[in-house]
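As stored in my_file18.cif (mmCIF, C-alpha atoms):
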```cif
data_query
loop_
_atom_site.group_PDB
_atom_site.id
_atom_site.type_symbol
_atom_site.label_atom_id
_atom_site.label_comp_id
_atom_site.auth_asym_id
_atom_site.auth_seq_id
_atom_site.Cartn_x
_atom_site.Cartn_y
_atom_site.Cartn_z
ATOM 1 C CA ARG A 1 59.987 45.955 9.202
ATOM 2 C CA ALA A 2 59.933 49.312 10.936
ATOM 3 C CA VAL A 3 60.446 49.829 14.665
ATOM 4 C CA LEU A 4 59.246 53.030 16.314
ATOM 5 C CA THR A 5 60.974 53.605 19.631
ATOM 6 C CA GLU A 6 59.260 56.826 20.600
ATOM 7 C CA ASP A 7 56.080 56.885 22.643
ATOM 8 C CA ALA A 8 53.791 57.520 19.671
ATOM 9 C CA ALA A 9 50.011 57.630 19.867
ATOM 10 C CA HIS A 10 47.871 54.909 18.327
ATOM 11 C CA ALA A 11 46.667 57.224 15.554
ATOM 12 C CA ALA A 12 50.236 58.287 14.707
ATOM 13 C CA ILE A 13 51.396 54.679 14.389
ATOM 14 C CA THR A 14 48.373 53.845 12.260
ATOM 15 C CA ALA A 15 49.275 56.766 10.004
ATOM 16 C CA VAL A 16 52.773 55.302 9.548
ATOM 17 C CA GLY A 17 51.222 51.998 8.482
ATOM 18 C CA GLN A 18 48.995 53.775 6.002
ATOM 19 C CA ARG A 19 51.941 55.735 4.550
ATOM 20 C CA LEU A 20 54.036 52.562 4.197
ATOM 21 C CA ASN A 21 51.250 50.757 2.331
ATOM 22 C CA ALA A 22 50.650 53.774 0.100
ATOM 23 C CA ALA A 23 54.363 54.109 -0.693
ATOM 24 C CA LEU A 24 54.689 50.439 -1.595
ATOM 25 C CA ALA A 25 51.596 50.647 -3.816
ATOM 26 C CA GLU A 26 53.252 53.293 -6.021
ATOM 27 C CA PRO A 27 54.269 51.835 -9.418
ATOM 28 C CA PHE A 28 58.009 51.486 -9.987
ATOM 29 C CA SER A 29 60.223 50.503 -12.892
ATOM 30 C CA ILE A 30 62.423 47.405 -13.270
ATOM 31 C CA ASP A 31 64.513 47.351 -16.450
ATOM 32 C CA GLY A 32 61.982 49.556 -18.184
ATOM 33 C CA THR A 33 58.949 47.537 -17.062
ATOM 34 C CA THR A 34 56.421 49.205 -14.772
ATOM 35 C CA VAL A 35 55.530 47.038 -11.781
ATOM 36 C CA SER A 36 52.839 47.518 -9.137
ATOM 37 C CA ILE A 37 52.562 45.613 -5.859
ATOM 38 C CA THR A 38 50.390 45.686 -2.765
ATOM 39 C CA ALA A 39 51.493 45.166 0.821
ATOM 40 C CA SER A 40 49.904 43.750 3.955
ATOM 41 C CA SER A 41 51.112 45.231 7.233
ATOM 42 C CA GLY A 42 50.890 44.076 10.813
ATOM 43 C CA ILE A 43 51.283 46.500 13.722
ATOM 44 C CA ALA A 44 52.118 45.542 17.297
ATOM 45 C CA ALA A 45 53.037 47.541 20.408
ATOM 46 C CA ARG A 46 54.902 46.299 23.497
ATOM 47 C CA ASN A 47 56.664 47.691 26.551
ATOM 48 C CA ALA A 48 60.387 48.319 26.286
ATOM 49 C CA THR A 49 61.022 45.503 28.760
ATOM 50 C CA ASP A 50 59.579 42.900 26.396
ATOM 51 C CA ALA A 51 61.834 40.934 24.093
ATOM 52 C CA ALA A 52 62.172 42.320 20.570
ATOM 53 C CA GLN A 53 61.367 38.945 19.008
ATOM 54 C CA LEU A 54 57.962 38.964 20.738
ATOM 55 C CA LEU A 55 57.214 42.338 19.180
ATOM 56 C CA ILE A 56 58.144 41.051 15.747
ATOM 57 C CA ARG A 57 56.133 37.858 16.312
ATOM 58 C CA ASP A 58 53.005 39.816 17.200
ATOM 59 C CA ALA A 59 53.413 42.123 14.216
ATOM 60 C CA ASP A 60 53.867 39.069 11.980
ATOM 61 C CA ILE A 61 50.635 37.534 13.301
ATOM 62 C CA ALA A 62 48.804 40.821 12.657
ATOM 63 C CA MET A 63 50.228 40.944 9.133
ATOM 64 C CA TYR A 64 48.748 37.529 8.286
ATOM 65 C CA ASP A 65 45.421 38.684 9.683
ATOM 66 C CA ALA A 66 45.592 41.676 7.337
ATOM 67 C CA LYS A 67 46.360 39.375 4.381
ATOM 68 C CA THR A 68 43.266 37.279 5.022
ATOM 69 C CA LYS A 69 41.094 40.379 4.765
ATOM 70 C CA GLY A 70 42.330 41.515 1.361
ATOM 71 C CA LYS A 71 45.186 43.313 -0.334
ATOM 72 C CA GLY A 72 46.828 46.554 0.698
ATOM 73 C CA ARG A 73 45.581 46.444 4.299
ATOM 74 C CA TYR A 74 47.067 46.813 7.750
ATOM 75 C CA ALA A 75 45.952 45.305 11.047
ATOM 76 C CA TRP A 76 46.727 45.969 14.697
ATOM 77 C CA PHE A 77 47.758 42.996 16.810
ATOM 78 C CA ASP A 78 45.145 41.786 19.258
ATOM 79 C CA PRO A 79 45.866 38.985 21.814
ATOM 80 C CA PRO A 80 43.116 36.686 20.441
ATOM 81 C CA MET A 81 45.054 36.685 17.155
ATOM 82 C CA ARG A 82 47.840 34.764 18.907
ATOM 83 C CA THR A 83 45.404 32.076 20.035
ATOM 84 C CA GLN A 84 43.983 31.818 16.523
ATOM 85 C CA ALA A 85 47.482 31.603 15.042
ATOM 86 C CA ILE A 86 48.376 28.746 17.402
ATOM 87 C CA GLN A 87 45.159 26.945 16.480
ATOM 88 C CA ARG A 88 45.903 27.370 12.752
ATOM 89 C CA TRP A 89 49.432 26.049 13.262
ATOM 90 C CA GLN A 90 48.053 23.048 15.167
ATOM 91 C CA LEU A 91 45.471 22.384 12.467
ATOM 92 C CA ARG A 92 48.194 22.585 9.834
ATOM 93 C CA THR A 93 50.181 19.963 11.733
ATOM 94 C CA ASP A 94 47.158 17.726 12.353
ATOM 95 C CA LEU A 95 45.940 17.948 8.751
ATOM 96 C CA ALA A 96 49.171 16.405 7.502
ATOM 97 C CA SER A 97 48.250 13.166 9.284
ATOM 98 C CA ALA A 98 44.460 13.353 8.901
ATOM 99 C CA LEU A 99 44.414 11.651 5.505
ATOM 100 C CA ARG A 100 46.849 8.962 6.606
ATOM 101 C CA ASP A 101 44.902 8.241 9.799
ATOM 102 C CA ASP A 102 41.476 8.014 8.087
ATOM 103 C CA GLN A 103 40.104 11.112 9.806
ATOM 104 C CA LEU A 104 38.757 12.540 6.545
ATOM 105 C CA ILE A 105 35.369 11.327 5.368
ATOM 106 C CA VAL A 106 33.102 12.039 2.421
ATOM 107 C CA GLU A 107 29.398 12.740 2.881
ATOM 108 C CA TYR A 108 26.935 12.906 -0.005
ATOM 109 C CA GLN A 109 24.311 15.578 -0.611
ATOM 110 C CA PRO A 110 21.501 14.487 -2.948
ATOM 111 C CA ILE A 111 20.909 16.174 -6.287
ATOM 112 C CA VAL A 112 17.186 16.031 -7.077
ATOM 113 C CA ASP A 113 15.603 16.278 -10.529
ATOM 114 C CA LEU A 114 12.997 19.028 -10.140
ATOM 115 C CA GLY A 115 10.876 17.578 -12.957
ATOM 116 C CA THR A 116 10.521 14.059 -11.568
ATOM 117 C CA GLY A 117 11.367 14.525 -7.893
ATOM 118 C CA ARG A 118 13.806 11.615 -8.130
ATOM 119 C CA ILE A 119 17.398 11.653 -6.919
ATOM 120 C CA ALA A 120 19.615 12.070 -9.980
ATOM 121 C CA GLY A 121 22.932 11.969 -8.162
ATOM 122 C CA ALA A 122 24.893 13.316 -5.235
ATOM 123 C CA GLU A 123 27.637 15.809 -4.498
ATOM 124 C CA ALA A 124 30.668 14.562 -2.569
ATOM 125 C CA LEU A 125 31.390 16.792 0.436
ATOM 126 C CA LEU A 126 34.576 16.559 2.493
ATOM 127 C CA ARG A 127 34.434 16.425 6.293
ATOM 128 C CA TRP A 128 37.194 16.158 8.903
ATOM 129 C CA ARG A 129 36.486 14.283 12.106
ATOM 130 C CA HIS A 130 39.265 15.505 14.352
ATOM 131 C CA PRO A 131 40.123 13.121 17.230
ATOM 132 C CA THR A 132 39.828 15.870 19.873
ATOM 133 C CA ARG A 133 37.975 18.770 18.247
ATOM 134 C CA GLY A 134 35.185 16.788 16.617
ATOM 135 C CA VAL A 135 33.912 17.705 13.155
ATOM 136 C CA ILE A 136 35.827 20.675 11.723
ATOM 137 C CA PRO A 137 34.008 22.719 9.033
ATOM 138 C CA PRO A 138 35.633 22.698 5.574
ATOM 139 C CA GLY A 139 35.888 26.485 5.721
ATOM 140 C CA GLU A 140 38.470 26.112 8.493
ATOM 141 C CA PHE A 141 40.764 23.493 7.007
ATOM 142 C CA ILE A 142 40.394 23.761 3.214
ATOM 143 C CA PRO A 143 42.325 27.097 3.101
ATOM 144 C CA ILE A 144 45.090 25.446 5.162
ATOM 145 C CA ALA A 145 45.147 22.488 2.770
ATOM 146 C CA GLU A 146 45.514 24.924 -0.136
ATOM 147 C CA GLN A 147 48.312 26.878 1.575
ATOM 148 C CA THR A 148 50.289 23.731 2.402
ATOM 149 C CA GLY A 149 49.746 22.009 -0.943
ATOM 150 C CA LEU A 150 47.911 19.102 0.729
ATOM 151 C CA ILE A 151 44.779 19.966 -1.238
ATOM 152 C CA THR A 152 46.009 18.007 -4.275
ATOM 153 C CA ASP A 153 46.481 14.740 -2.375
ATOM 154 C CA ILE A 154 43.204 15.259 -0.526
ATOM 155 C CA GLY A 155 41.403 16.091 -3.769
ATOM 156 C CA ASP A 156 42.738 12.968 -5.468
ATOM 157 C CA TRP A 157 41.552 10.884 -2.506
ATOM 158 C CA ILE A 158 38.056 12.418 -2.636
ATOM 159 C CA LEU A 159 37.865 11.681 -6.358
ATOM 160 C CA ARG A 160 38.790 8.005 -5.885
ATOM 161 C CA THR A 161 36.448 7.639 -2.906
ATOM 162 C CA ALA A 162 33.479 9.206 -4.707
ATOM 163 C CA CYS A 163 33.987 7.051 -7.802
ATOM 164 C CA GLU A 164 34.198 3.893 -5.683
ATOM 165 C CA GLN A 165 31.052 4.875 -3.775
ATOM 166 C CA ASN A 166 29.020 5.512 -6.918
ATOM 167 C CA ALA A 167 30.210 2.234 -8.418
ATOM 168 C CA SER A 168 29.106 0.523 -5.199
ATOM 169 C CA TRP A 169 25.660 2.150 -5.438
ATOM 170 C CA SER A 170 25.362 0.937 -9.020
ATOM 171 C CA LYS A 171 26.206 -2.660 -8.047
ATOM 172 C CA ALA A 172 23.557 -2.427 -5.318
ATOM 173 C CA GLY A 173 20.931 -1.592 -7.935
ATOM 174 C CA HIS A 174 20.991 2.218 -7.856
ATOM 175 C CA ARG A 175 22.050 2.681 -11.452
ATOM 176 C CA GLY A 176 22.256 5.866 -13.471
ATOM 177 C CA LEU A 177 23.304 8.110 -10.579
ATOM 178 C CA ARG A 178 25.869 10.862 -11.087
ATOM 179 C CA VAL A 179 28.422 11.824 -8.446
ATOM 180 C CA SER A 180 29.777 15.381 -8.430
ATOM 181 C CA VAL A 181 33.239 16.164 -7.087
ATOM 182 C CA ASN A 182 34.661 19.620 -6.402
ATOM 183 C CA VAL A 183 38.079 20.247 -7.935
ATOM 184 C CA SER A 184 40.450 22.807 -6.400
ATOM 185 C CA SER A 185 42.302 25.215 -8.669
ATOM 186 C CA GLN A 186 45.650 23.650 -7.684
ATOM 187 C CA GLN A 187 44.390 20.172 -8.499
ATOM 188 C CA PHE A 188 42.835 21.302 -11.790
ATOM 189 C CA LEU A 189 46.074 22.931 -12.962
ATOM 190 C CA GLU A 190 48.210 19.858 -12.189
ATOM 191 C CA ALA A 191 49.713 18.522 -15.429
ATOM 192 C CA GLY A 192 48.659 14.963 -14.654
ATOM 193 C CA PHE A 193 45.124 15.681 -13.453
ATOM 194 C CA GLY A 194 43.534 13.973 -16.464
ATOM 195 C CA ASP A 195 45.495 10.803 -15.689
ATOM 196 C CA VAL A 196 44.286 10.938 -12.067
ATOM 197 C CA VAL A 197 40.670 11.100 -13.267
ATOM 198 C CA ARG A 198 41.129 8.277 -15.759
ATOM 199 C CA LYS A 199 42.771 6.047 -13.148
ATOM 200 C CA ALA A 200 39.985 6.702 -10.623
ATOM 201 C CA LEU A 201 37.398 5.685 -13.215
ATOM 202 C CA GLU A 202 39.303 2.590 -14.324
ATOM 203 C CA GLU A 203 40.004 1.327 -10.815
ATOM 204 C CA SER A 204 36.419 1.851 -9.633
ATOM 205 C CA GLY A 205 34.777 0.622 -12.816
ATOM 206 C CA LEU A 206 32.544 3.704 -12.863
ATOM 207 C CA PRO A 207 31.292 4.821 -16.315
ATOM 208 C CA PRO A 208 32.748 8.282 -17.104
ATOM 209 C CA VAL A 209 29.269 9.763 -17.674
ATOM 210 C CA SER A 210 28.476 9.003 -14.020
ATOM 211 C CA LEU A 211 31.158 11.453 -12.839
ATOM 212 C CA GLU A 212 30.803 15.235 -12.871
ATOM 213 C CA LEU A 213 33.726 17.510 -11.978
ATOM 214 C CA GLU A 214 32.915 20.934 -10.530
ATOM 215 C CA ILE A 215 35.369 23.786 -11.119
ATOM 216 C CA THR A 216 34.865 27.338 -9.845
ATOM 217 C CA GLU A 217 34.720 30.315 -12.189
ATOM 218 C CA SER A 218 37.849 31.831 -10.640
ATOM 219 C CA SER A 219 39.835 28.645 -11.349
ATOM 220 C CA LEU A 220 38.673 28.523 -14.963
ATOM 221 C CA LEU A 221 39.660 32.109 -15.698
ATOM 222 C CA ARG A 222 43.220 32.013 -14.358
ATOM 223 C CA ASP A 223 44.591 30.894 -17.718
ATOM 224 C CA VAL A 224 41.839 30.476 -20.283
ATOM 225 C CA GLU A 225 43.957 28.702 -22.911
ATOM 226 C CA VAL A 226 45.241 26.137 -20.419
ATOM 227 C CA THR A 227 41.712 25.789 -19.018
ATOM 228 C CA VAL A 228 40.136 25.075 -22.407
ATOM 229 C CA ASN A 229 42.767 22.445 -23.242
ATOM 230 C CA THR A 230 42.401 20.748 -19.864
ATOM 231 C CA LEU A 231 38.598 20.730 -20.091
ATOM 232 C CA ARG A 232 38.744 19.228 -23.579
ATOM 233 C CA ARG A 233 41.016 16.428 -22.365
ATOM 234 C CA LEU A 234 38.580 15.710 -19.542
ATOM 235 C CA LYS A 235 35.638 15.737 -21.968
ATOM 236 C CA ASP A 236 37.518 13.238 -24.126
ATOM 237 C CA LEU A 237 37.424 10.906 -21.119
ATOM 238 C CA GLY A 238 33.622 11.177 -21.176
ATOM 239 C CA VAL A 239 33.062 12.888 -17.808
ATOM 240 C CA ARG A 240 30.627 15.740 -17.238
ATOM 241 C CA LEU A 241 31.873 19.226 -16.329
ATOM 242 C CA ALA A 242 30.209 21.951 -14.277
ATOM 243 C CA ILE A 243 31.032 25.537 -13.353
ATOM 244 C CA ASP A 244 30.580 25.833 -9.596
ATOM 245 C CA ASP A 245 29.305 28.961 -7.774
ATOM 246 C CA PHE A 246 28.310 30.569 -11.063
ATOM 247 C CA GLY A 247 27.596 34.289 -10.824
ATOM 248 C CA THR A 248 29.843 35.083 -7.849
ATOM 249 C CA GLY A 249 32.897 37.290 -8.125
ATOM 250 C CA TYR A 250 33.968 36.648 -11.701
ATOM 251 C CA SER A 251 32.093 36.523 -14.971
ATOM 252 C CA ALA A 252 32.818 33.750 -17.454
ATOM 253 C CA LEU A 253 30.248 35.025 -19.947
ATOM 254 C CA ALA A 254 32.839 36.030 -22.541
ATOM 255 C CA TYR A 255 34.358 32.538 -22.454
ATOM 256 C CA LEU A 256 31.266 30.453 -21.781
ATOM 257 C CA LYS A 257 30.768 29.476 -25.402
ATOM 258 C CA ARG A 258 34.406 28.274 -25.584
ATOM 259 C CA LEU A 259 34.267 26.082 -22.498
ATOM 260 C CA PRO A 260 33.151 22.469 -23.080
ATOM 261 C CA ILE A 261 30.925 22.303 -20.011
ATOM 262 C CA ASP A 262 27.621 20.608 -19.245
ATOM 263 C CA SER A 263 26.214 22.398 -16.185
ATOM 264 C CA LEU A 264 26.053 25.703 -14.337
ATOM 265 C CA LYS A 265 25.670 25.566 -10.554
ATOM 266 C CA ILE A 266 23.778 28.550 -9.164
ATOM 267 C CA ASP A 267 25.394 29.678 -5.932
ATOM 268 C CA GLN A 268 23.311 29.243 -2.787
ATOM 269 C CA SER A 269 23.727 32.937 -1.927
ATOM 270 C CA PHE A 270 21.176 33.604 -4.699
ATOM 271 C CA VAL A 271 18.967 30.573 -4.056
ATOM 272 C CA ARG A 272 18.394 30.901 -0.318
ATOM 273 C CA THR A 273 16.699 34.295 -0.668
ATOM 274 C CA LEU A 274 15.010 33.454 -3.956
ATOM 275 C CA THR A 275 11.485 33.861 -2.562
ATOM 276 C CA THR A 276 12.183 37.066 -0.635
ATOM 277 C CA ASP A 277 14.681 39.050 -2.700
ATOM 278 C CA PRO A 278 13.494 40.088 -6.203
ATOM 279 C CA ALA A 279 17.074 40.836 -7.277
ATOM 280 C CA ASP A 280 18.243 37.291 -6.477
ATOM 281 C CA ALA A 281 15.161 35.901 -8.211
ATOM 282 C CA THR A 282 16.032 37.898 -11.337
ATOM 283 C CA ILE A 283 19.675 36.780 -11.273
ATOM 284 C CA THR A 284 18.660 33.140 -10.850
ATOM 285 C CA GLU A 285 16.093 33.350 -13.646
ATOM 286 C CA THR A 286 18.701 34.947 -15.928
ATOM 287 C CA ILE A 287 21.212 32.161 -15.245
ATOM 288 C CA VAL A 288 18.566 29.503 -15.950
ATOM 289 C CA GLN A 289 17.632 31.185 -19.241
ATOM 290 C CA LEU A 290 21.284 31.605 -20.202
ATOM 291 C CA ALA A 291 22.005 27.949 -19.506
ATOM 292 C CA GLY A 292 18.931 26.863 -21.433
ATOM 293 C CA GLY A 293 20.010 28.893 -24.440
ATOM 294 C CA LEU A 294 23.421 27.219 -24.354
ATOM 295 C CA ASN A 295 21.987 23.713 -23.852
ATOM 296 C CA LEU A 296 23.393 23.476 -20.335
ATOM 297 C CA THR A 297 21.872 21.950 -17.220
ATOM 298 C CA THR A 298 21.332 24.163 -14.179
ATOM 299 C CA ILE A 299 21.807 22.977 -10.612
ATOM 300 C CA ALA A 300 20.665 25.147 -7.697
ATOM 301 C CA GLU A 301 22.583 24.930 -4.433
ATOM 302 C CA GLY A 302 20.899 25.436 -1.067
ATOM 303 C CA VAL A 303 17.391 24.249 -1.976
ATOM 304 C CA GLU A 304 16.095 23.301 1.478
ATOM 305 C CA THR A 305 12.417 24.345 1.569
ATOM 306 C CA LEU A 306 9.341 23.589 -0.521
ATOM 307 C CA GLU A 307 9.130 27.187 -1.725
#
```
Starting from the file, give its structure as structure tokens.
Amino acid sequence: RAVLTEDAAHAAITAVGQRLNAALAEPFSIDGTTVSITASSGIAARNATDAAQLLIRDADIAMYDAKTKGKGRYAWFDPPMRTQAIQRWQLRTDLASALRDDQLIVEYQPIVDLGTGRIAGAEALLRWRHPTRGVIPPGEFIPIAEQTGLITDIGDWILRTACEQNASWSKAGHRGLRVSVNVSSQQFLEAGFGDVVRKALEESGLPPVSLELEITESSLLRDVEVTVNTLRRLKDLGVRLAIDDFGTGYSALAYLKRLPIDSLKIDQSFVRTLTTDPADATITETIVQLAGGLNLTTIAEGVETLE
């Protein structure tokens, strides 16, 4: 923390923030090992009559805003940030009781076989029906669940719920459907995740082949050796495995042949502009051809029009 007491101009204070970030980004040595770090900085300005702790609080809020936008950044405090911070804190508190109070629900998006036009399965999608705010988008509360560690308990609950639902569909005569469940990186890296999957299948009575687990590329590439071992244990259970959001951010091409997976999911950012953007059409076609060459199924997200 740095406190500037002089009446400095906005540009001068910004320059201090830039110099601090640049200085901290310089590599340094610890016991002969070169280490590099990045810093996120928050900047706030208040009148001398205001309490010092309020100044620090505002700078802290700005720092977290900078962190959400990437590494090595700085951000100036803006009053709306305080409102957003309070809302995030309230959501964090409410989320802790949402699972216990049955506020979380699972909705199912159909997966359609393009060759036959028949529904082949469904993807389980988490929703939060807040008692006062209504339905809260996953993009708002999933990051909070990941930060607080609640994502593992929530993920385990989704897995059990989806397996029970598919088993129920099967008993009602809708046999042969596959349910897909997204797996967070934290959940995937849990030592006992395979046991959680096996228990969900056993308790629901769902055949393993009727469950597909979706893991993002970024999760798979955090520790390739651990990833391969975990995927093999899951394959031994008989479940299907898919790489979610394929083609965004990271490239698993070098490891694709080592990963025991069944499907590639083409991210909707490519699919939604498929008929209007030649580049996205080319990327999508390449992924389909790649998957075909590796004997993998392709699933396209965001197919919402006839075209």
(message) Please determine, counting all atoms listed in the file, which residue among A:Asp195, A:Glu190, A:Glu140, A:Asp113 has the shortest atom-to-atom distance to A:Val226.
(response)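 Of all the options, A:Glu190 lies closest to A:Val226.
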(request) Please indicate the distance in Å from atom CA of A:Val239 to atom CA of A:Ile261, rounded to one decimal place. (result)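 Separation of atom CA of A:Val239 and atom CA of A:Ile261: 9.9 Å.
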(message) Once the PyMOL selection byres ((chain A and resi 99) around 12) has been evaluated on this model, what residues remain selected, and can you format them as an NGL selection string?
(response) :A and (93-98 or 100-106 or 126-130 or 145 or 150-158)
(request) Would you be able to write out as a ChimeraX atom specification which residues have an atom within 7 Å of (53.9, 47.9, 15.0) in the file's coordinates, counting all atoms listed in the file? (result) /A:3,42-45,59
(message) Report, in Å with one decimal, the straight-line distance from atom CA of A:Ala23 to atom CA of A:Ser218.
(response) 29.5 Å
(request) Apply the PyMOL selection byres ((chain A and resi 215) around 12) to the structure shown and report the selected residues as a PyMOL selection string. (result) chain A and resi 180-189+212-214+216-222+227+230-231+240-246+259+261-265
Taking the file above as input, evaluate the PyMOL selection byres ((chain A and resi 293-295) around 12) and report the hits as a compact mmCIF listing (two decimals) with C-alpha atoms, keeping the file's coordinate frame.
```
# COMPACT_ATOMS: atom_id res chain seq x y z
CA LEU A 253 30.25 35.02 -19.95
CA LEU A 256 31.27 30.45 -21.78
CA LYS A 257 30.77 29.48 -25.40
CA ARG A 258 34.41 28.27 -25.58
CA LEU A 259 34.27 26.08 -22.50
CA PRO A 260 33.15 22.47 -23.08
CA ILE A 261 30.92 22.30 -20.01
CA ASP A 262 27.62 20.61 -19.24
CA SER A 263 26.21 22.40 -16.18
CA LEU A 264 26.05 25.70 -14.34
CA THR A 286 18.70 34.95 -15.93
CA ILE A 287 21.21 32.16 -15.24
CA VAL A 288 18.57 29.50 -15.95
CA GLN A 289 17.63 31.18 -19.24
CA LEU A 290 21.28 31.60 -20.20
CA ALA A 291 22.00 27.95 -19.51
CA GLY A 292 18.93 26.86 -21.43
CA LEU A 296 23.39 23.48 -20.34
CA THR A 297 21.87 21.95 -17.22
CA THR A 298 21.33 24.16 -14.18
```
(message) Could you list, as a list in words, every residue within 9 Å of A:Gly238, counting only C-alpha atoms and ignoring same-chain residues fewer than 5 positions away?
(response)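 Everything that qualifies: Pro207, Pro208, Val209 and Leu211 of chain A.
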(request) Using atom CA of A:Leu125 and atom CA of A:Tyr108 as the two end points, give the distance in Å to one decimal. (result) 5.9 Å
(message) What's around A:Ala75 at 7 Å? Count only C-alpha atoms, leave out sequence neighbours fewer than 6 positions away in its own chain, and write the answer as a list in words.
(response) Ser41, Gly42, Ile43, Ala62, Met63, Asp65 and Ala66 of chain A
(message) So, with all atoms listed in the file as the atoms that count, which of A:Ser36, A:Thr276, A:Ser210, A:Thr248 lies closest to A:Ala167?
(response) A:Ser210
(request) Name the closest residue to A:Gly121 among the candidates A:Gly205, A:Ala281, A:Thr14, A:Ile299; distances are taken between atoms, counting only C-alpha atoms. (result)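 Ranking A:Gly205, A:Ala281, A:Thr14, A:Ile299 by distance to A:Gly121, first place goes to A:Ile299.
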Kindly reconstruct stretch 281-293 of chain A with N, CA and C atoms and present the result as a PDB file, in the frame of the given file.
```
ATOM      1  N   ALA A 281      16.072  36.642  -7.336  1.00  0.00           N
ATOM      2  CA  ALA A 281      15.161  35.901  -8.211  1.00  0.00           C
ATOM      3  C   ALA A 281      15.468  36.211  -9.674  1.00  0.00           C
ATOM      4  N   THR A 282      15.722  37.484  -9.961  1.00  0.00           N
ATOM      5  CA  THR A 282      16.032  37.898 -11.337  1.00  0.00           C
ATOM      6  C   THR A 282      17.360  37.300 -11.804  1.00  0.00           C
ATOM      7  N   ILE A 283      18.371  37.344 -10.925  1.00  0.00           N
ATOM      8  CA  ILE A 283      19.675  36.780 -11.273  1.00  0.00           C
ATOM      9  C   ILE A 283      19.549  35.286 -11.549  1.00  0.00           C
ATOM     10  N   THR A 284      18.832  34.582 -10.681  1.00  0.00           N
ATOM     11  CA  THR A 284      18.660  33.140 -10.850  1.00  0.00           C
ATOM     12  C   THR A 284      17.931  32.823 -12.152  1.00  0.00           C
ATOM     13  N   GLU A 285      16.849  33.574 -12.418  1.00  0.00           N
ATOM     14  CA  GLU A 285      16.093  33.350 -13.646  1.00  0.00           C
ATOM     15  C   GLU A 285      16.964  33.596 -14.878  1.00  0.00           C
ATOM     16  N   THR A 286      17.813  34.625 -14.806  1.00  0.00           N
ATOM     17  CA  THR A 286      18.701  34.947 -15.928  1.00  0.00           C
ATOM     18  C   THR A 286      19.695  33.822 -16.182  1.00  0.00           C
ATOM     19  N   ILE A 287      20.256  33.265 -15.098  1.00  0.00           N
ATOM     20  CA  ILE A 287      21.212  32.161 -15.245  1.00  0.00           C
ATOM     21  C   ILE A 287      20.531  30.943 -15.862  1.00  0.00           C
ATOM     22  N   VAL A 288      19.313  30.646 -15.406  1.00  0.00           N
ATOM     23  CA  VAL A 288      18.566  29.503 -15.950  1.00  0.00           C
ATOM     24  C   VAL A 288      18.313  29.697 -17.446  1.00  0.00           C
ATOM     25  N   GLN A 289      17.897  30.910 -17.832  1.00  0.00           N
ATOM     26  CA  GLN A 289      17.632  31.185 -19.241  1.00  0.00           C
ATOM     27  C   GLN A 289      18.904  31.112 -20.073  1.00  0.00           C
ATOM     28  N   LEU A 290      19.994  31.652 -19.508  1.00  0.00           N
ATOM     29  CA  LEU A 290      21.284  31.605 -20.202  1.00  0.00           C
ATOM     30  C   LEU A 290      21.720  30.169 -20.435  1.00  0.00           C
ATOM     31  N   ALA A 291      21.616  29.356 -19.386  1.00  0.00           N
ATOM     32  CA  ALA A 291      22.005  27.949 -19.506  1.00  0.00           C
ATOM     33  C   ALA A 291      21.138  27.227 -20.529  1.00  0.00           C
ATOM     34  N   GLY A 292      19.830  27.510 -20.479  1.00  0.00           N
ATOM     35  CA  GLY A 292      18.931  26.863 -21.433  1.00  0.00           C
ATOM     36  C   GLY A 292      19.282  27.207 -22.866  1.00  0.00           C
ATOM     37  N   GLY A 293      19.639  28.470 -23.099  1.00  0.00           N
ATOM     38  CA  GLY A 293      20.010  28.893 -24.440  1.00  0.00           C
ATOM     39  C   GLY A 293      21.293  28.251 -24.936  1.00  0.00           C
TER      40      GLY A 293
END
```
